[in-house]
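Asks: Sending over input07.txt (compact mmCIF, C-alpha atoms).
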# COMPACT_ATOMS: atom_id res chain seq x y z
CA MET A 1 181.24 87.67 -29.38
CA LYS A 2 184.74 86.47 -30.13
CA ALA A 3 184.02 86.13 -33.86
CA LEU A 4 182.16 89.45 -33.93
CA THR A 5 185.03 91.25 -32.19
CA GLU A 6 187.78 89.61 -34.27
CA ARG A 7 186.12 90.90 -37.43
CA GLY A 8 185.41 94.37 -36.03
CA PHE A 9 181.67 93.89 -36.31
CA ASP A 10 181.16 94.77 -32.63
CA ARG A 11 182.31 98.32 -33.40
CA LEU A 12 180.22 98.43 -36.58
CA VAL A 13 177.07 97.37 -34.70
CA THR A 14 177.59 99.90 -31.90
CA GLU A 15 178.36 102.68 -34.40
CA ARG A 16 175.21 101.93 -36.44
CA VAL A 17 173.04 101.78 -33.33
CA ALA A 18 174.48 105.13 -32.18
CA GLN A 19 173.49 106.55 -35.59
CA GLY A 20 169.91 105.40 -35.04
CA THR A 21 169.80 102.24 -37.16
CA PRO A 22 167.17 99.83 -35.77
CA LEU A 23 168.63 96.60 -34.37
CA LEU A 24 166.82 93.35 -33.60
CA GLY A 25 168.78 90.72 -31.69
CA VAL A 26 167.33 87.20 -32.03
CA CYS A 27 168.04 84.46 -29.45
CA VAL A 28 171.80 84.65 -28.76
CA GLY A 29 171.67 87.99 -30.60
CA MET A 30 169.45 89.31 -27.81
CA GLN A 31 171.89 87.97 -25.23
CA MET A 32 174.76 89.77 -26.97
CA LEU A 33 173.00 93.11 -26.45
CA PHE A 34 173.80 92.96 -22.72
CA GLU A 35 177.02 93.73 -20.84
CA GLU A 36 178.09 90.20 -19.98
CA SER A 37 177.19 86.53 -20.04
CA GLU A 38 178.24 83.61 -17.89
CA GLU A 39 178.35 81.34 -20.95
CA PHE A 40 181.94 80.16 -21.55
CA GLY A 41 183.01 81.79 -18.28
CA ARG A 42 182.53 85.54 -18.07
CA THR A 43 182.02 86.81 -21.62
CA ARG A 44 181.71 90.49 -22.51
CA GLY A 45 178.67 91.45 -24.58
CA LEU A 46 178.02 94.53 -26.70
CA GLY A 47 176.87 96.51 -23.66
CA LEU A 48 174.01 98.19 -25.54
CA LEU A 49 171.70 97.27 -22.66
CA ARG A 50 172.70 97.05 -19.00
CA GLY A 51 172.45 93.61 -17.44
CA ARG A 52 173.76 90.09 -17.66
CA VAL A 53 172.95 86.69 -19.10
CA SER A 54 172.64 83.70 -16.74
CA ARG A 55 172.16 79.96 -17.22
CA PHE A 56 168.92 78.27 -16.27
CA SER A 57 169.07 76.09 -13.16
CA ASP A 58 170.35 72.54 -13.59
CA GLU A 59 167.06 71.45 -12.03
CA LEU A 60 165.33 72.33 -15.33
CA VAL A 61 165.50 70.58 -18.67
CA VAL A 62 168.12 72.64 -20.48
CA PRO A 63 168.02 73.81 -23.15
CA GLN A 64 164.41 74.96 -23.12
CA VAL A 65 163.17 73.74 -26.49
CA GLY A 66 159.66 74.28 -27.74
CA TRP A 67 156.67 76.58 -27.59
CA ASN A 68 156.14 78.99 -24.72
CA GLN A 69 154.06 82.10 -24.13
CA ILE A 70 154.98 85.77 -24.00
CA ARG A 71 153.26 87.88 -21.35
CA GLN A 72 153.32 91.45 -22.65
CA ARG A 73 154.37 93.89 -19.91
CA HIS A 74 154.20 97.07 -22.02
CA ALA A 75 152.48 98.03 -25.25
CA HIS A 76 155.01 98.41 -28.05
CA PRO A 77 154.93 98.53 -31.87
CA LEU A 78 156.65 95.09 -31.96
CA PHE A 79 153.47 93.61 -30.45
CA GLN A 80 151.02 95.26 -32.85
CA GLY A 81 148.49 92.62 -33.90
CA ILE A 82 149.96 89.98 -31.55
CA ALA A 83 147.78 88.73 -28.70
CA ASP A 84 149.05 88.82 -25.13
CA GLY A 85 149.97 85.24 -24.28
CA ALA A 86 150.85 84.32 -27.87
CA PHE A 87 153.15 81.31 -28.27
CA PHE A 88 156.64 81.54 -29.76
CA TYR A 89 159.34 78.92 -30.38
CA PHE A 90 162.34 78.86 -28.00
CA VAL A 91 165.69 77.04 -28.00
CA HIS A 92 168.05 78.32 -25.28
CA SER A 93 169.95 77.51 -22.09
CA TYR A 94 170.59 81.08 -20.93
CA TYR A 95 168.29 84.00 -20.15
CA CYS A 96 168.73 87.77 -19.89
CA GLU A 97 168.53 89.69 -16.63
CA PRO A 98 168.25 93.39 -17.55
CA ALA A 99 169.45 95.86 -14.91
CA ASP A 100 166.62 98.19 -15.96
CA SER A 101 163.21 96.49 -15.79
CA GLY A 102 161.87 99.29 -18.00
CA VAL A 103 163.42 97.67 -21.09
CA VAL A 104 161.45 94.44 -20.56
CA LEU A 105 158.49 94.35 -22.96
CA GLY A 106 157.65 90.69 -22.56
CA GLU A 107 158.25 87.91 -20.06
CA THR A 108 158.15 84.14 -20.29
CA ASP A 109 157.97 81.58 -17.50
CA TYR A 110 160.31 78.62 -17.38
CA SER A 111 160.31 77.97 -13.64
CA VAL A 112 161.53 81.56 -13.41
CA ALA A 113 159.97 84.58 -15.13
CA TYR A 114 162.58 86.01 -17.50
CA ALA A 115 162.80 88.78 -20.07
CA SER A 116 161.93 87.32 -23.46
CA VAL A 117 161.37 90.62 -25.32
CA VAL A 118 163.35 93.80 -24.64
CA ALA A 119 163.54 97.20 -26.28
CA HIS A 120 165.14 100.56 -25.67
CA GLU A 121 165.04 103.31 -28.29
CA ASN A 122 166.20 101.68 -31.56
CA ILE A 123 167.42 98.45 -29.91
CA SER A 124 165.15 95.40 -29.67
CA GLY A 125 165.74 91.80 -28.73
CA VAL A 126 163.74 88.58 -28.59
CA GLN A 127 164.87 85.38 -26.89
CA PHE A 128 162.74 83.17 -29.14
CA HIS A 129 163.05 82.45 -32.86
CA PRO A 130 160.44 84.52 -34.70
CA GLU A 131 161.30 82.81 -38.00
CA LYS A 132 160.17 79.49 -36.45
CA SER A 133 157.16 80.93 -34.61
CA GLN A 134 154.58 80.78 -37.38
CA ALA A 135 152.11 83.68 -37.78
CA ALA A 136 152.99 85.49 -34.52
CA GLY A 137 156.70 85.40 -35.31
CA LEU A 138 156.19 86.61 -38.86
CA ARG A 139 153.99 89.42 -37.57
CA LEU A 140 156.68 90.49 -35.09
CA LEU A 141 159.30 90.56 -37.87
CA ALA A 142 156.94 92.61 -40.07
CA ASN A 143 156.33 95.00 -37.17
CA PHE A 144 160.08 95.44 -36.71
CA ALA A 145 160.58 96.03 -40.43
CA ARG A 146 157.95 98.81 -40.36
CA ALA A 147 159.45 100.53 -37.28
CA ASP A 148 160.81 104.03 -37.76
Can I see the file as structure tokens?
Replies:
Amino acid sequence: MKALTERGFDRLVTERVAQGTPLLGVCVGMQMLFEESEEFGRTRGLGLLRGRVSRFSDELVVPQVGWNQIRQRHAHPLFQGIADGAFFYFVHSYYCEPADSGVVLGETDYSVAYASVVAHENISGVQFHPEKSQAAGLRLLANFARAD
């Protein structure tokens, strides 16, 4: 966020989203969509979605690295052609806690169920790395690219 803000890209992103440009946040990019994170102390996010980002418990192996499943909570164009329970590749120590559960499209379990796919209007975010998630990840990216 510091680098984004220093270069004025935070304003550019929020302006483009307000104009209707589709946005897909990937991994930390999804986390930046929210109001704040506890990474590096209290860090302000873009505030495009209400909620915060918290660190996984120290009782877990952190970061979570590897394949995990997405449980689809709502039908959405991002999931077109992707089976419920499909595996995606994750590398992260923090997870998003949306204030509005209605934005949560998909959840993943890592001792706690957390939002791994979110969307609201033209804003989407995924906690995993679609570019490393083989066919399911490529399909999700293609679905996003086709979105209106």
Asks: Would you kindly return, as number ranges by chain, each protein, DNA or RNA residue with an atom no farther than 12 Å from any atom of Ile82 (chain A), considering all atoms listed in the file and excluding same-chain residues fewer than 2 positions away?
Replies: A: 69-72, 75-80, 84-88, 106, 133-143
Asks: Determine, counting all atoms listed in the file, which protein, DNA and RNA residues have an atom within 12 Å of an atom of Leu23 (chain A); residues of the same chain fewer than 6 positions away are not included. Present the result as a PyMOL selection string.
Replies: chain A and resi 12-17+29-30+32-33+48+118-126+141+144-145+147-148
Asks: Restrict the selected residues to C-alpha atoms and save them as a PDB file, keeping the file's coordinate frame.
Replies:
ATOM      1  CA  LEU A  12     180.220  98.430 -36.580  1.00  0.00           C
ATOM      2  CA  VAL A  13     177.070  97.370 -34.700  1.00  0.00           C
ATOM      3  CA  THR A  14     177.590  99.900 -31.900  1.00  0.00           C
ATOM      4  CA  GLU A  15     178.360 102.680 -34.400  1.00  0.00           C
ATOM      5  CA  ARG A  16     175.210 101.930 -36.440  1.00  0.00           C
ATOM      6  CA  VAL A  17     173.040 101.780 -33.330  1.00  0.00           C
ATOM      7  CA  GLY A  29     171.670  87.990 -30.600  1.00  0.00           C
ATOM      8  CA  MET A  30     169.450  89.310 -27.810  1.00  0.00           C
ATOM      9  CA  MET A  32     174.760  89.770 -26.970  1.00  0.00           C
ATOM     10  CA  LEU A  33     173.000  93.110 -26.450  1.00  0.00           C
ATOM     11  CA  LEU A  48     174.010  98.190 -25.540  1.00  0.00           C
ATOM     12  CA  VAL A 118     163.350  93.800 -24.640  1.00  0.00           C
ATOM     13  CA  ALA A 119     163.540  97.200 -26.280  1.00  0.00           C
ATOM     14  CA  HIS A 120     165.140 100.560 -25.670  1.00  0.00           C
ATOM     15  CA  GLU A 121     165.040 103.310 -28.290  1.00  0.00           C
ATOM     16  CA  ASN A 122     166.200 101.680 -31.560  1.00  0.00           C
ATOM     17  CA  ILE A 123     167.420  98.450 -29.910  1.00  0.00           C
ATOM     18  CA  SER A 124     165.150  95.400 -29.670  1.00  0.00           C
ATOM     19  CA  GLY A 125     165.740  91.800 -28.730  1.00  0.00           C
ATOM     20  CA  VAL A 126     163.740  88.580 -28.590  1.00  0.00           C
ATOM     21  CA  LEU A 141     159.300  90.560 -37.870  1.00  0.00           C
ATOM     22  CA  PHE A 144     160.080  95.440 -36.710  1.00  0.00           C
ATOM     23  CA  ALA A 145     160.580  96.030 -40.430  1.00  0.00           C
ATOM     24  CA  ALA A 147     159.450 100.530 -37.280  1.00  0.00           C
ATOM     25  CA  ASP A 148     160.810 104.030 -37.760  1.00  0.00           C
TER      26      ASP A 148
END
Asks: From the list A:Gly102, A:Pro22, A:Gly47, A:Pro63, which residue is nearest Val117 (chain A) when using all atoms listed in the file?
Replies: A:Gly102
Asks: Using only C-alpha atoms, can you tell me which of A:Lys132, A:Phe56, A:Leu4, A:Val62 comes closest to Tyr114 (chain A)?
Replies: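 Looking only at the distances to Tyr114 (chain A), the closest residue turns out to be A:Phe56.
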Asks: Measure the distance from CA of Thr108 (chain A) to CA of Leu49 (chain A) in Å and round it to one decimal.
Replies: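 Calculated distance between CA of Thr108 (chain A) and CA of Leu49 (chain A) is 19.0 Å.
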Asks: Residues within 9 Å of Ala99 (chain A), please, as a list in words. Count all atoms listed in the file; anything in the same chain fewer than 5 positions from it doesn't count.
Replies: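 Result of the neighbour search: Leu49, Arg50, Gly51 and Arg52 of chain A.
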Asks: List the spatial neighbours of Ser37 (chain A) as a list of chain:residue names - criterion: any atom at most 10 Å away, only C-alpha atoms, same-chain residues fewer than 5 positions off excluded.
Replies: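 Residues meeting the cut-off are A:Gln31, A:Met32, A:Arg42, A:Thr43, A:Arg44, A:Gly45, A:Gly51, A:Arg52, A:Val53, A:Ser54, A:Arg55, A:Tyr94, A:Tyr95, A:Cys96, A:Glu97.
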Asks: With distances taken over all atoms listed in the file, which residue among A:Phe40, A:Val91, A:Val104, A:Val26 lies nearest His74 (chain A)?
Replies: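 With all atoms listed in the file as the atom set, the closest residue is A:Val104.
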Asks: Considering only C-alpha atoms, can you say which of A:Gly81, A:Pro130, A:Ser93, A:Leu60 comes closest to Ser111 (chain A)?
Replies: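 Going through A:Gly81, A:Pro130, A:Ser93, A:Leu60 one by one, the smallest distance to Ser111 (chain A) is for A:Leu60.
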Asks: When distances are computed from all atoms listed in the file, which of A:Val65, A:Val28, A:Ala3, A:Ala83 shows the smallest separation from Tyr110 (chain A)?
Replies: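 Nearest candidate to Tyr110 (chain A) out of A:Val65, A:Val28, A:Ala3, A:Ala83: A:Val65.
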Asks: Any idea what the distance is between CA of Ala115 (chain A) and CA of Lys2 (chain A)?
Replies: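 Computing it gives 24.2 Å between the two atoms.
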